[in-house]
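Peer 1: Here you go, protein-v6.cif (mmCIF, C-alpha atoms and all ligand atoms):
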```
data_final
#
loop_
_atom_site.label_atom_id
_atom_site.label_comp_id
_atom_site.auth_asym_id
_atom_site.auth_seq_id
_atom_site.Cartn_x
_atom_site.Cartn_y
_atom_site.Cartn_z
CA MET M 1 30.39 164.33 57.54
CA PHE M 2 27.48 166.38 56.35
CA PRO M 3 24.60 165.97 58.78
CA ASP M 4 22.95 169.02 57.21
CA ARG M 5 23.04 167.77 53.67
CA VAL M 6 19.68 167.09 52.12
CA LEU M 7 19.28 164.63 49.30
CA SER M 8 16.24 163.58 47.35
CA GLY M 9 15.38 162.19 43.96
CA MET M 10 12.47 161.61 41.65
CA ARG M 11 11.96 159.10 38.88
CA PRO M 12 11.47 160.58 35.40
CA THR M 13 8.36 158.76 34.25
CA GLY M 14 6.15 161.58 32.94
CA ALA M 15 5.18 165.22 33.36
CA LEU M 16 4.78 166.40 36.94
CA HIS M 17 1.37 167.45 38.20
CA LEU M 18 0.04 169.69 40.95
CA GLY M 19 0.20 166.77 43.37
CA HIS M 20 3.99 166.73 42.96
CA TYR M 21 4.07 170.47 43.41
CA HIS M 22 2.08 170.51 46.65
CA GLY M 23 3.43 167.22 47.99
CA VAL M 24 7.13 167.44 47.15
CA LEU M 25 8.43 170.48 45.31
CA LYS M 26 7.11 173.18 47.63
CA ASN M 27 9.00 171.37 50.36
CA TRP M 28 12.22 171.25 48.33
CA VAL M 29 11.96 174.98 47.70
CA GLN M 30 11.63 175.53 51.43
CA LEU M 31 14.60 173.26 52.22
CA GLN M 32 16.99 174.77 49.69
CA GLY M 33 17.13 177.97 51.75
CA GLU M 34 17.90 176.09 54.96
CA PHE M 35 20.38 173.35 54.01
CA PRO M 36 22.81 172.36 51.26
CA CYS M 37 20.50 170.40 48.97
CA PHE M 38 21.13 167.78 46.29
CA PHE M 39 18.17 166.96 44.07
CA PHE M 40 18.54 164.42 41.33
CA VAL M 41 16.76 162.67 38.50
CA ALA M 42 16.64 158.96 39.40
CA ASP M 43 16.76 157.66 35.84
CA TRP M 44 18.20 154.26 36.80
CA HIS M 45 15.37 153.82 39.28
CA ALA M 46 12.94 154.51 36.46
CA LEU M 47 14.62 151.73 34.50
CA THR M 48 13.73 149.16 37.14
CA THR M 49 10.11 149.42 36.06
CA HIS M 50 10.52 150.77 32.50
CA TYR M 51 13.29 148.58 31.14
CA GLU M 52 11.02 147.49 28.29
CA SER M 53 9.94 151.01 27.36
CA THR M 54 12.88 153.28 28.00
CA GLU M 55 11.71 156.11 25.69
CA VAL M 56 9.57 157.69 28.36
CA ILE M 57 12.63 158.14 30.57
CA GLY M 58 14.59 160.21 28.05
CA GLU M 59 11.52 162.26 27.24
CA SER M 60 10.83 163.01 30.88
CA VAL M 61 14.30 163.90 32.15
CA TRP M 62 14.49 167.46 30.83
CA GLU M 63 10.83 168.07 31.25
CA MET M 64 11.04 167.08 34.89
CA LEU M 65 14.05 169.28 35.50
CA THR M 66 12.13 172.15 33.91
CA ASP M 67 9.21 171.44 36.22
CA TRP M 68 11.51 171.63 39.24
CA LEU M 69 12.85 174.99 38.13
CA ALA M 70 9.31 176.10 37.35
CA ALA M 71 8.32 175.28 40.92
CA GLY M 72 11.05 177.56 42.20
CA VAL M 73 13.91 175.17 42.81
CA ASP M 74 16.89 177.48 42.53
CA PRO M 75 20.10 176.21 40.92
CA GLN M 76 22.04 178.91 42.79
CA GLN M 77 21.04 177.27 46.02
CA ALA M 78 20.54 173.59 45.24
CA THR M 79 22.64 171.14 43.24
CA LEU M 80 20.60 169.53 40.45
CA PHE M 81 21.91 166.45 38.69
CA ILE M 82 21.14 163.21 36.89
CA GLN M 83 21.89 159.92 38.61
CA SER M 84 23.38 158.17 35.58
CA ARG M 85 25.87 160.97 35.10
CA VAL M 86 27.45 160.15 38.43
CA PRO M 87 28.45 156.55 37.76
CA GLU M 88 29.92 156.31 41.27
CA HIS M 89 26.34 155.55 42.40
CA ALA M 90 26.63 152.28 40.50
CA GLU M 91 30.00 151.53 42.00
CA LEU M 92 28.77 151.99 45.54
CA PHE M 93 25.67 149.95 44.71
CA THR M 94 27.90 147.08 43.56
CA LEU M 95 30.13 147.22 46.61
CA LEU M 96 27.20 147.39 49.02
CA ALA M 97 25.48 144.54 47.19
CA MET M 98 28.23 142.14 48.25
CA GLY M 99 27.31 142.22 51.90
CA THR M 100 23.59 142.99 51.81
CA PRO M 101 21.50 140.01 52.92
CA LEU M 102 18.83 139.05 50.39
CA GLY M 103 16.26 138.84 53.16
CA TRP M 104 16.60 142.56 53.88
CA LEU M 105 15.58 143.37 50.32
CA GLU M 106 12.83 140.78 50.11
CA ARG M 107 11.26 142.11 53.29
CA VAL M 108 10.97 145.74 52.12
CA PRO M 109 7.19 146.29 52.03
CA THR M 110 7.19 148.09 48.68
CA TYR M 111 8.77 145.08 46.99
CA LYS M 112 5.87 142.64 47.05
CA ASP M 113 3.30 145.45 46.94
CA GLN M 114 4.63 146.87 43.72
CA ILE M 115 5.02 143.48 42.05
CA GLU M 116 1.36 142.87 42.94
CA LYS M 117 0.25 146.34 41.82
CA LEU M 118 2.14 146.52 38.54
CA LYS M 119 1.01 143.13 37.32
CA ASP M 120 1.34 144.07 33.66
CA LYS M 121 5.11 144.31 34.15
CA ASP M 122 7.48 141.52 34.97
CA LEU M 123 9.23 142.84 38.03
CA ALA M 124 10.75 139.55 39.14
CA THR M 125 14.11 141.02 38.19
CA TYR M 126 17.39 141.43 39.97
CA GLY M 127 17.28 145.19 39.36
CA PHE M 128 13.88 145.61 40.92
CA LEU M 129 14.84 143.63 44.00
CA GLY M 130 17.85 145.92 44.26
CA TYR M 131 15.80 149.11 44.03
CA PRO M 132 16.18 150.02 47.73
CA LEU M 133 19.88 149.20 47.63
CA LEU M 134 20.41 151.56 44.70
CA GLN M 135 18.50 154.17 46.66
CA ALA M 136 20.75 153.50 49.65
CA ALA M 137 23.79 154.10 47.44
CA ASP M 138 22.24 157.39 46.23
CA ILE M 139 21.88 158.60 49.78
CA LEU M 140 25.04 157.23 51.35
CA ILE M 141 27.36 158.44 48.62
CA TYR M 142 26.58 162.06 49.66
CA ARG M 143 26.64 161.23 53.39
CA ALA M 144 23.37 163.11 53.56
CA GLY M 145 21.81 163.34 57.00
CA ARG M 146 18.34 164.25 55.77
CA VAL M 147 16.20 162.69 53.10
CA PRO M 148 12.85 164.34 52.40
CA VAL M 149 10.44 161.65 51.24
CA GLY M 150 6.81 160.67 51.40
CA GLU M 151 5.62 158.01 53.77
CA ASP M 152 5.87 155.25 51.16
CA GLN M 153 9.65 155.76 50.99
CA VAL M 154 10.34 155.53 54.71
CA PRO M 155 11.20 151.79 54.57
CA HIS M 156 13.85 152.65 51.98
CA VAL M 157 15.47 155.17 54.29
CA GLU M 158 15.23 152.62 57.08
CA ILE M 159 17.08 149.95 55.09
CA THR M 160 19.64 152.60 54.12
CA ARG M 161 20.35 153.10 57.81
CA GLU M 162 20.82 149.38 58.29
CA ILE M 163 23.13 149.15 55.31
CA ALA M 164 25.24 152.06 56.59
CA ARG M 165 25.43 150.53 60.05
CA ARG M 166 26.49 147.20 58.65
CA PHE M 167 29.08 148.81 56.42
CA ASN M 168 30.58 150.76 59.30
CA TYR M 169 30.56 147.65 61.43
CA LEU M 170 32.32 145.54 58.80
CA TYR M 171 34.79 148.09 57.48
CA GLY M 172 35.02 150.81 60.10
CA ARG M 173 37.70 149.05 62.13
CA GLN M 174 40.96 150.84 62.08
CA PRO M 175 44.26 149.85 63.59
CA GLY M 176 44.75 151.81 66.77
CA PHE M 177 41.17 153.11 66.72
CA GLU M 178 40.54 152.46 70.42
CA GLU M 179 43.68 154.39 71.43
CA LYS M 180 42.93 157.27 69.09
CA ALA M 181 39.39 157.51 70.40
CA GLN M 182 40.63 157.58 74.00
CA GLU M 183 43.00 160.40 73.10
CA ALA M 184 40.25 162.35 71.40
CA ALA M 185 37.92 161.85 74.36
CA LYS M 186 40.46 163.51 76.63
CA LYS M 187 40.17 166.64 74.52
CA LEU M 188 36.57 167.02 75.66
CA GLY M 189 38.08 168.00 78.99
CA GLY M 190 37.61 166.78 82.58
CA LYS M 191 33.99 166.20 83.51
CA ARG M 192 32.90 165.99 79.91
CA THR M 193 35.37 163.22 79.15
CA LYS M 194 34.03 161.16 81.99
CA ALA M 195 30.41 161.93 81.08
CA PHE M 196 31.06 160.88 77.50
CA LEU M 197 32.73 157.61 78.45
CA ASP M 198 29.90 156.83 80.88
CA LEU M 199 27.27 157.51 78.22
CA ARG M 200 29.12 155.33 75.79
CA ARG M 201 29.25 152.47 78.26
CA ALA M 202 25.55 152.89 79.05
CA TYR M 203 24.70 152.78 75.38
CA GLN M 204 26.90 149.83 74.52
CA GLU M 205 26.03 147.75 77.55
CA GLN M 206 22.34 148.53 77.85
CA GLY M 207 21.57 149.84 74.39
CA ALA M 208 19.80 152.81 76.00
CA PRO M 209 18.91 155.16 73.13
CA GLU M 210 18.80 158.20 75.50
CA SER M 211 22.46 157.65 76.26
CA LEU M 212 23.22 157.70 72.56
CA ASP M 213 21.27 160.94 72.13
CA GLU M 214 22.96 162.54 75.12
CA GLY M 215 26.36 161.43 73.93
CA ARG M 216 25.72 162.88 70.49
CA ALA M 217 24.52 166.14 71.98
CA LEU M 218 27.61 166.33 74.14
CA LEU M 219 29.83 165.92 71.10
CA GLU M 220 27.91 168.47 69.11
CA GLN M 221 28.07 171.07 71.86
CA SER M 222 31.74 170.65 72.57
CA GLN M 223 33.80 173.56 71.30
CA SER M 224 37.15 171.92 71.92
CA LEU M 225 36.92 169.18 69.26
CA SER M 226 38.04 169.26 65.65
CA GLY M 227 35.66 167.88 63.05
CA ALA M 228 37.78 164.76 62.66
CA ASP M 229 37.83 164.10 66.41
CA ARG M 230 34.10 164.55 66.62
CA GLU M 231 33.62 162.04 63.85
CA LEU M 232 35.97 159.60 65.50
CA LEU M 233 34.15 159.90 68.82
CA LEU M 234 30.80 159.49 67.16
CA GLY M 235 31.99 156.17 65.80
CA TYR M 236 33.38 155.26 69.19
CA LEU M 237 30.10 156.13 70.87
CA THR M 238 27.99 154.05 68.54
CA GLY M 239 30.18 150.97 68.50
CA SER M 240 33.90 151.43 68.42
CA ARG M 241 33.77 151.85 64.68
CA LYS M 242 34.59 154.68 62.41
CA THR M 243 31.61 156.30 60.75
CA ILE M 244 32.33 155.98 57.06
CA LEU M 245 28.76 156.03 55.82
CA VAL M 246 26.27 158.26 57.61
CA GLU M 247 22.89 156.93 58.75
CA PRO M 248 20.29 159.28 57.25
CA GLN M 249 17.01 160.42 58.74
CA ALA M 250 13.82 160.56 56.72
CA LEU M 251 12.42 164.08 56.67
CA LEU M 252 8.81 163.15 56.40
CA THR M 253 7.07 165.57 54.10
CA ALA M 254 3.96 166.81 55.90
CA ALA M 255 1.31 164.60 54.32
CA SER M 256 -0.25 166.80 51.71
CA ARG M 257 -3.12 164.96 50.18
CA MET M 258 -3.63 166.98 47.06
CA PRO M 259 -7.08 166.04 45.78
CA GLY M 260 -7.42 165.11 42.13
CA LEU M 261 -10.24 165.85 39.71
CA ASP M 262 -12.34 162.98 41.06
CA GLY M 263 -11.77 163.54 44.77
CA GLN M 264 -9.22 160.75 45.11
CA LYS M 265 -5.59 161.65 45.76
CA MET M 266 -4.08 163.23 42.64
CA SER M 267 -2.08 160.53 40.89
CA LYS M 268 -1.15 159.63 37.36
CA SER M 269 -2.46 156.12 37.84
CA TYR M 270 -5.95 157.45 38.61
CA GLY M 271 -5.96 159.72 35.53
CA ASN M 272 -7.18 162.61 37.68
CA THR M 273 -4.30 165.05 37.39
CA ILE M 274 -3.66 168.62 36.32
CA ARG M 275 -0.11 169.08 35.09
CA MET M 276 2.04 171.76 36.68
CA ARG M 277 2.32 173.48 33.34
CA GLU M 278 -1.01 172.65 31.76
CA ASP M 279 -2.40 175.19 29.34
CA LYS M 280 -5.26 177.40 30.39
CA ALA M 281 -7.93 175.97 28.08
CA SER M 282 -7.20 172.48 29.29
CA VAL M 283 -7.34 173.46 32.98
CA GLU M 284 -10.70 175.12 32.36
CA LYS M 285 -12.05 172.11 30.56
CA LYS M 286 -10.86 169.66 33.21
CA VAL M 287 -12.36 171.59 36.10
CA ARG M 288 -15.62 172.33 34.26
CA THR M 289 -16.14 168.64 33.58
CA MET M 290 -15.33 167.57 37.14
CA PRO M 291 -17.99 165.49 38.86
CA THR M 292 -19.94 167.28 41.61
CA ASP M 293 -22.25 166.15 44.40
CA PRO M 294 -24.14 163.32 42.65
CA ALA M 295 -27.34 164.31 44.51
CA ARG M 296 -27.35 167.69 42.79
CA VAL M 297 -28.94 166.64 39.54
CA ARG M 298 -30.75 169.85 38.64
CA ARG M 299 -29.62 173.41 39.19
CA THR M 300 -32.48 173.84 41.66
CA ASP M 301 -31.45 170.84 43.81
CA PRO M 302 -29.50 171.82 46.91
CA GLY M 303 -26.11 170.16 47.24
CA GLU M 304 -23.69 169.13 49.95
CA PRO M 305 -20.07 170.32 49.52
CA THR M 306 -18.64 167.52 51.66
CA ARG M 307 -19.82 165.06 49.00
CA CYS M 308 -18.22 167.06 46.18
CA PRO M 309 -14.66 166.84 44.82
CA VAL M 310 -14.79 170.52 43.80
CA TRP M 311 -15.14 171.45 47.44
CA GLN M 312 -11.84 169.69 48.20
CA LEU M 313 -10.12 171.92 45.67
CA HIS M 314 -11.70 174.97 47.28
CA GLN M 315 -9.89 173.93 50.47
CA VAL M 316 -6.61 174.25 48.59
CA TYR M 317 -7.31 177.28 46.46
CA SER M 318 -10.01 179.45 48.03
CA ASP M 319 -9.99 181.92 50.90
CA GLU M 320 -12.44 181.80 53.78
CA PRO M 321 -15.08 184.17 52.32
CA THR M 322 -15.16 182.18 49.08
CA ARG M 323 -15.53 178.92 50.97
CA GLU M 324 -18.36 180.46 52.96
CA TRP M 325 -20.00 181.50 49.68
CA VAL M 326 -19.66 177.92 48.36
CA GLN M 327 -21.20 176.30 51.43
CA GLN M 328 -24.08 178.74 51.57
CA GLY M 329 -24.72 178.78 47.86
CA CYS M 330 -24.45 175.04 47.37
CA ARG M 331 -26.70 174.06 50.28
CA SER M 332 -29.36 176.61 49.29
CA ALA M 333 -29.06 175.99 45.55
CA GLY M 334 -28.20 179.69 45.36
CA ILE M 335 -25.24 179.07 43.04
CA GLY M 336 -24.72 176.67 40.17
CA CYS M 337 -21.82 174.26 39.90
CA ILE M 338 -20.21 176.05 36.96
CA GLU M 339 -20.25 179.27 38.96
CA CYS M 340 -18.82 177.45 41.96
CA LYS M 341 -15.94 176.05 39.93
CA GLN M 342 -14.73 179.41 38.64
CA PRO M 343 -12.73 180.43 41.74
CA VAL M 344 -10.99 177.03 41.62
CA ILE M 345 -10.02 177.60 37.99
CA ASP M 346 -8.79 181.09 38.87
CA GLY M 347 -6.81 179.76 41.82
CA ILE M 348 -5.08 177.08 39.76
CA LEU M 349 -4.22 179.50 36.98
CA ARG M 350 -2.89 182.01 39.49
CA GLU M 351 -0.65 179.32 41.00
CA GLN M 352 0.58 178.19 37.60
CA GLN M 353 1.38 181.64 36.25
CA PRO M 354 4.79 182.08 37.92
CA MET M 355 5.66 178.48 37.06
CA LEU M 356 4.97 179.07 33.38
CA GLU M 357 7.06 182.21 33.46
CA ARG M 358 10.02 180.51 35.11
CA ALA M 359 9.84 177.58 32.72
CA GLN M 360 9.66 179.82 29.68
CA LYS M 361 13.21 180.98 30.27
CA TYR M 362 14.48 177.42 29.88
CA MET M 363 12.23 176.59 26.96
CA ASP M 364 13.57 179.62 25.12
CA ASP M 365 17.14 178.66 25.91
CA PRO M 366 17.59 174.92 26.43
CA ALA M 367 21.37 175.41 26.66
CA LEU M 368 20.80 177.24 29.94
CA LEU M 369 19.16 174.17 31.45
CA ARG M 370 21.94 171.93 30.14
CA ALA M 371 24.54 174.21 31.71
CA ILE M 372 22.80 174.11 35.09
CA VAL M 373 22.73 170.33 34.99
CA ASP M 374 26.32 170.04 33.76
CA ASP M 375 27.39 172.13 36.67
CA GLY M 376 25.26 170.14 39.13
CA CYS M 377 26.61 166.84 37.83
CA ASP M 378 30.18 168.09 38.30
CA LYS M 379 29.51 169.14 41.87
CA ALA M 380 27.72 165.93 42.72
CA ARG M 381 30.42 163.84 41.14
CA GLN M 382 33.09 165.61 43.14
CA ALA M 383 31.27 164.85 46.38
CA ALA M 384 30.62 161.25 45.33
CA ARG M 385 34.27 160.68 44.45
CA GLU M 386 35.38 161.80 47.88
CA THR M 387 33.16 159.24 49.54
CA MET M 388 34.20 156.48 47.15
CA ALA M 389 37.88 157.03 47.87
CA GLU M 390 37.18 156.42 51.55
CA VAL M 391 34.89 153.51 50.89
CA ARG M 392 37.47 151.74 48.72
CA ASP M 393 40.16 152.31 51.30
CA ALA M 394 38.01 151.05 54.13
CA MET M 395 37.20 147.91 52.15
CA GLY M 396 40.83 147.31 51.34
CA LEU M 397 40.40 148.15 47.66
CA GLY M 398 42.83 151.02 47.66
CA TYR M 399 45.29 149.15 45.45
CA ARG M 400 43.97 150.19 42.09
N1 LIG K 501 12.46 155.92 45.24
C1 LIG K 501 12.17 157.35 45.20
C2 LIG K 501 10.75 157.55 44.72
O1 LIG K 501 10.21 156.72 44.01
C3 LIG K 501 13.13 158.06 44.28
C4 LIG K 501 14.53 158.00 44.79
C5 LIG K 501 15.56 157.33 44.27
C6 LIG K 501 15.01 158.67 45.96
N2 LIG K 501 16.68 157.51 45.00
C7 LIG K 501 16.38 158.31 46.04
C8 LIG K 501 14.43 159.49 46.93
C9 LIG K 501 17.17 158.78 47.10
C10 LIG K 501 15.22 159.95 47.97
C11 LIG K 501 16.59 159.58 48.05
O2 LIG K 501 10.16 158.55 45.04
FE1 LIG K 502 -19.91 170.97 44.33
FE2 LIG K 502 -19.94 173.59 44.22
FE3 LIG K 502 -21.73 172.17 42.85
FE4 LIG K 502 -21.87 172.29 45.47
S1 LIG K 502 -22.11 173.99 44.06
S2 LIG K 502 -22.07 170.47 44.23
S3 LIG K 502 -19.71 172.36 46.05
S4 LIG K 502 -19.54 172.21 42.54
#
```
Written as structure tokens, that's how I'd like the structure from this file.

Peer 2:
Amino acid sequence: MFPDRVLSGMRPTGALHLGHYHGVLKNWVQLQGEFPCFFFVADWHALTTHYESTEVIGESVWEMLTDWLAAGVDPQQATLFIQSRVPEHAELFTLLAMGTPLGWLERVPTYKDQIEKLKDKDLATYGFLGYPLLQAADILIYRAGRVPVGEDQVPHVEITREIARRFNYLYGRQPGFEEKAQEAAKKLGGKRTKAFLDLRRAYQEQGAPESLDEGRALLEQSQSLSGADRELLLGYLTGSRKTILVEPQALLTAASRMPGLDGQKMSKSYGNTIRMREDKASVEKKVRTMPTDPARVRRTDPGEPTRCPVWQLHQVYSDEPTREWVQQGCRSAGIGCIECKQPVIDGILREQQPMLERAQKYMDDPALLRAIVDDGCDKARQAARETMAEVRDAMGLGYR
């Protein structure tokens, strides 16, 4: 299996803004150097909410991929692809759907929340209910151990774990599994074999999670096991079943609350964003028209930075001396708001410069971007096909 594999996706529903950059993409760029990463455009997920206005999806796909590359996602290191070009996701979704209890999907907190929040759309659809199941298929088909997501997505990773566990429980039985596992356990050698079997018993009889952790650690440390034996024993440890689908962990992205132009979190739905690749004049205009401390009506009125959205952006973009200058100058009415905003403008433009440069390469040569994605789709599809072959076999569908 691929405990190191990282997988994450984003829905193509518009241009990305600096909130995406600070909250998600910087993290992806970090991860791509540490693990094998798969990043994909979740266009089918976008359809669950945009099935009546699909144009925005097509318009956003390439733009979003360009934004990723602009942020520094490196196609030499990470595999970039589009969900709908790996139709195996849909196949796994269908197969998993057969045994997934409706209640699991109805209880996902985002389900009722989103229906409530997006009242202008009719989300009482089969596809929308299945959103987390499609996401589970996305993750499980790559047997990814790590899924970087924001807090709102944690319930989706949680249900993915349950779906994997249920799948392995239903279809992970193999003839002769018990005997094979016993044989493999012997290869651990002497004391370790006994320790492993004891930990397994402790876990299965008392459900003690420490025993599971210790058992896993023991398997990971053991030099004498082949990959296949380790996998077999992992299944044996967790419940006498073969691990066909891997339970992923959410890699919680350190909560970055990127402030928007009005002091609320930056979000398209608040209309307070700066796009990752926004032109200079527009950045200047947006920051210059930002609201400031409402008590500072005249230039001569002292202000209070903690009541000002501009101050929040200084926390992201300014160094300590500049922040000192802001606090001093604002509270003593020594500086004006326009003056105060300039370092923020400079900071944003400085951050955007390398992004614009990286993106330019792909704007000049769109075929280059297509080739990167073609290649990524091929790689992803290869990995997905391998899992599907095993899934079909395990389910007894190997006859086709
Ligand atoms: N639901 C995710 C979001 O809205 C997007 C997504 C789809 C995803 N499939 C995924 C994220 C698989 C991680 C893994 O942000
Ligand atoms: Fe805000 Fe700066 Fe004006 Fe103070 S001086 S109110 S921190 S913009």

Peer 1: Env of region 137-154 of chain M: 8 Å cut, atoms = only C-alpha atoms, seq-sep filter 6 positions within chain, self excluded. Answer as a ChimeraX atom specification.

Peer 2: /M:1-8,24,89-90,92-93,96,110,160,164,245-253,255,383-384,387-388

Peer 1: Chain M near ligand LIG 502 (chain K) within 12 Å: what's each residue's closest atom pair and its distance in Å to one decimal, counting all atoms listed in the file, ordered by chain then ascending residue number, as JSON lines?

Peer 2:
```
{"residue": "M:Leu261", "atom": "CA", "partner": "K:LIG502", "partner_atom": "S4", "distance": 11.6}
{"residue": "M:Asp262", "atom": "CA", "partner": "K:LIG502", "partner_atom": "FE1", "distance": 11.5}
{"residue": "M:Gly263", "atom": "CA", "partner": "K:LIG502", "partner_atom": "FE1", "distance": 11.0}
{"residue": "M:Val287", "atom": "CA", "partner": "K:LIG502", "partner_atom": "S4", "distance": 9.7}
{"residue": "M:Arg288", "atom": "CA", "partner": "K:LIG502", "partner_atom": "S4", "distance": 9.2}
{"residue": "M:Thr289", "atom": "CA", "partner": "K:LIG502", "partner_atom": "S4", "distance": 10.2}
{"residue": "M:Met290", "atom": "CA", "partner": "K:LIG502", "partner_atom": "S4", "distance": 8.3}
{"residue": "M:Pro291", "atom": "CA", "partner": "K:LIG502", "partner_atom": "S4", "distance": 7.8}
{"residue": "M:Thr292", "atom": "CA", "partner": "K:LIG502", "partner_atom": "FE1", "distance": 4.6}
{"residue": "M:Asp293", "atom": "CA", "partner": "K:LIG502", "partner_atom": "S2", "distance": 4.3}
{"residue": "M:Pro294", "atom": "CA", "partner": "K:LIG502", "partner_atom": "S2", "distance": 7.6}
{"residue": "M:Ala295", "atom": "CA", "partner": "K:LIG502", "partner_atom": "S2", "distance": 8.1}
{"residue": "M:Arg296", "atom": "CA", "partner": "K:LIG502", "partner_atom": "S2", "distance": 6.1}
{"residue": "M:Val297", "atom": "CA", "partner": "K:LIG502", "partner_atom": "S2", "distance": 9.2}
{"residue": "M:Arg298", "atom": "CA", "partner": "K:LIG502", "partner_atom": "FE3", "distance": 10.2}
{"residue": "M:Arg299", "atom": "CA", "partner": "K:LIG502", "partner_atom": "FE3", "distance": 8.8}
{"residue": "M:Thr300", "atom": "CA", "partner": "K:LIG502", "partner_atom": "S1", "distance": 10.6}
{"residue": "M:Asp301", "atom": "CA", "partner": "K:LIG502", "partner_atom": "S2", "distance": 9.4}
{"residue": "M:Pro302", "atom": "CA", "partner": "K:LIG502", "partner_atom": "FE4", "distance": 7.8}
{"residue": "M:Gly303", "atom": "CA", "partner": "K:LIG502", "partner_atom": "S2", "distance": 5.0}
{"residue": "M:Glu304", "atom": "CA", "partner": "K:LIG502", "partner_atom": "FE4", "distance": 5.8}
{"residue": "M:Pro305", "atom": "CA", "partner": "K:LIG502", "partner_atom": "S3", "distance": 4.0}
{"residue": "M:Thr306", "atom": "CA", "partner": "K:LIG502", "partner_atom": "S3", "distance": 7.5}
{"residue": "M:Arg307", "atom": "CA", "partner": "K:LIG502", "partner_atom": "FE1", "distance": 7.5}
{"residue": "M:Cys308", "atom": "CA", "partner": "K:LIG502", "partner_atom": "FE1", "distance": 4.6}
{"residue": "M:Pro309", "atom": "CA", "partner": "K:LIG502", "partner_atom": "FE1", "distance": 6.7}
{"residue": "M:Val310", "atom": "CA", "partner": "K:LIG502", "partner_atom": "FE1", "distance": 5.2}
{"residue": "M:Trp311", "atom": "CA", "partner": "K:LIG502", "partner_atom": "S3", "distance": 4.9}
{"residue": "M:Gln312", "atom": "CA", "partner": "K:LIG502", "partner_atom": "S3", "distance": 8.6}
{"residue": "M:Leu313", "atom": "CA", "partner": "K:LIG502", "partner_atom": "S3", "distance": 9.6}
{"residue": "M:His314", "atom": "CA", "partner": "K:LIG502", "partner_atom": "S3", "distance": 8.5}
{"residue": "M:Gln315", "atom": "CA", "partner": "K:LIG502", "partner_atom": "S3", "distance": 10.9}
{"residue": "M:Thr322", "atom": "CA", "partner": "K:LIG502", "partner_atom": "FE2", "distance": 11.0}
{"residue": "M:Arg323", "atom": "CA", "partner": "K:LIG502", "partner_atom": "S3", "distance": 9.2}
{"residue": "M:Glu324", "atom": "CA", "partner": "K:LIG502", "partner_atom": "S3", "distance": 10.7}
{"residue": "M:Trp325", "atom": "CA", "partner": "K:LIG502", "partner_atom": "FE2", "distance": 9.6}
{"residue": "M:Val326", "atom": "CA", "partner": "K:LIG502", "partner_atom": "FE2", "distance": 6.0}
{"residue": "M:Gln327", "atom": "CA", "partner": "K:LIG502", "partner_atom": "S3", "distance": 6.8}
{"residue": "M:Gln328", "atom": "CA", "partner": "K:LIG502", "partner_atom": "S1", "distance": 9.1}
{"residue": "M:Gly329", "atom": "CA", "partner": "K:LIG502", "partner_atom": "S1", "distance": 6.6}
{"residue": "M:Cys330", "atom": "CA", "partner": "K:LIG502", "partner_atom": "S1", "distance": 4.2}
{"residue": "M:Arg331", "atom": "CA", "partner": "K:LIG502", "partner_atom": "FE4", "distance": 7.0}
{"residue": "M:Ser332", "atom": "CA", "partner": "K:LIG502", "partner_atom": "S1", "distance": 9.3}
{"residue": "M:Ala333", "atom": "CA", "partner": "K:LIG502", "partner_atom": "S1", "distance": 7.4}
{"residue": "M:Gly334", "atom": "CA", "partner": "K:LIG502", "partner_atom": "S1", "distance": 8.4}
{"residue": "M:Ile335", "atom": "CA", "partner": "K:LIG502", "partner_atom": "S1", "distance": 6.1}
{"residue": "M:Gly336", "atom": "CA", "partner": "K:LIG502", "partner_atom": "S1", "distance": 5.4}
{"residue": "M:Cys337", "atom": "CA", "partner": "K:LIG502", "partner_atom": "FE3", "distance": 3.6}
{"residue": "M:Ile338", "atom": "CA", "partner": "K:LIG502", "partner_atom": "S4", "distance": 6.8}
{"residue": "M:Glu339", "atom": "CA", "partner": "K:LIG502", "partner_atom": "S1", "distance": 7.6}
{"residue": "M:Cys340", "atom": "CA", "partner": "K:LIG502", "partner_atom": "FE2", "distance": 4.6}
{"residue": "M:Lys341", "atom": "CA", "partner": "K:LIG502", "partner_atom": "S4", "distance": 5.9}
{"residue": "M:Gln342", "atom": "CA", "partner": "K:LIG502", "partner_atom": "S4", "distance": 9.5}
{"residue": "M:Pro343", "atom": "CA", "partner": "K:LIG502", "partner_atom": "FE2", "distance": 10.2}
{"residue": "M:Val344", "atom": "CA", "partner": "K:LIG502", "partner_atom": "S4", "distance": 9.9}
{"residue": "M:Ile345", "atom": "CA", "partner": "K:LIG502", "partner_atom": "S4", "distance": 11.8}
```

Peer 1: Have a look at M:Pro12, M:Gln206, M:Asp122, M:Thr193 and name the one nearest to Glu55 (chain M); count all atoms listed in the file.

Peer 2: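 The answer is M:Pro12, which sits nearest to Glu55 (chain M).
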
Peer 1: With distances taken over all atoms listed in the file, which residue among M:Lys112, M:His17, M:Lys186, M:Arg11 lies nearest Lys268 (chain M)?

Peer 2: M:His17

Peer 1: Just to confirm, what's the straight-line distance from CA of Tyr51 (chain M) to CA of Ile163 (chain M) in Å (one decimal)?

Peer 2: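 Value for the CA of Tyr51 (chain M)-CA of Ile163 (chain M) distance: 26.1 Å.
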
Peer 1: Any idea what's packed within 10 Å of region 72-77 of chain M, counting only C-alpha atoms, ignoring anything in its chain fewer than 4 positions away? Could you give it as a ChimeraX atom specification?

Peer 2: /M:25-39,65-68,354-355,358-359,369,372-373,375-376

Peer 1: Quick one: residues within 10 Å of Val41 (chain M), all atoms listed in the file, excluding same-chain residues fewer than 3 positions away - as a PyMOL selection string?

Peer 2: chain M and resi 8-12+44-46+60-62+64-65+80-85
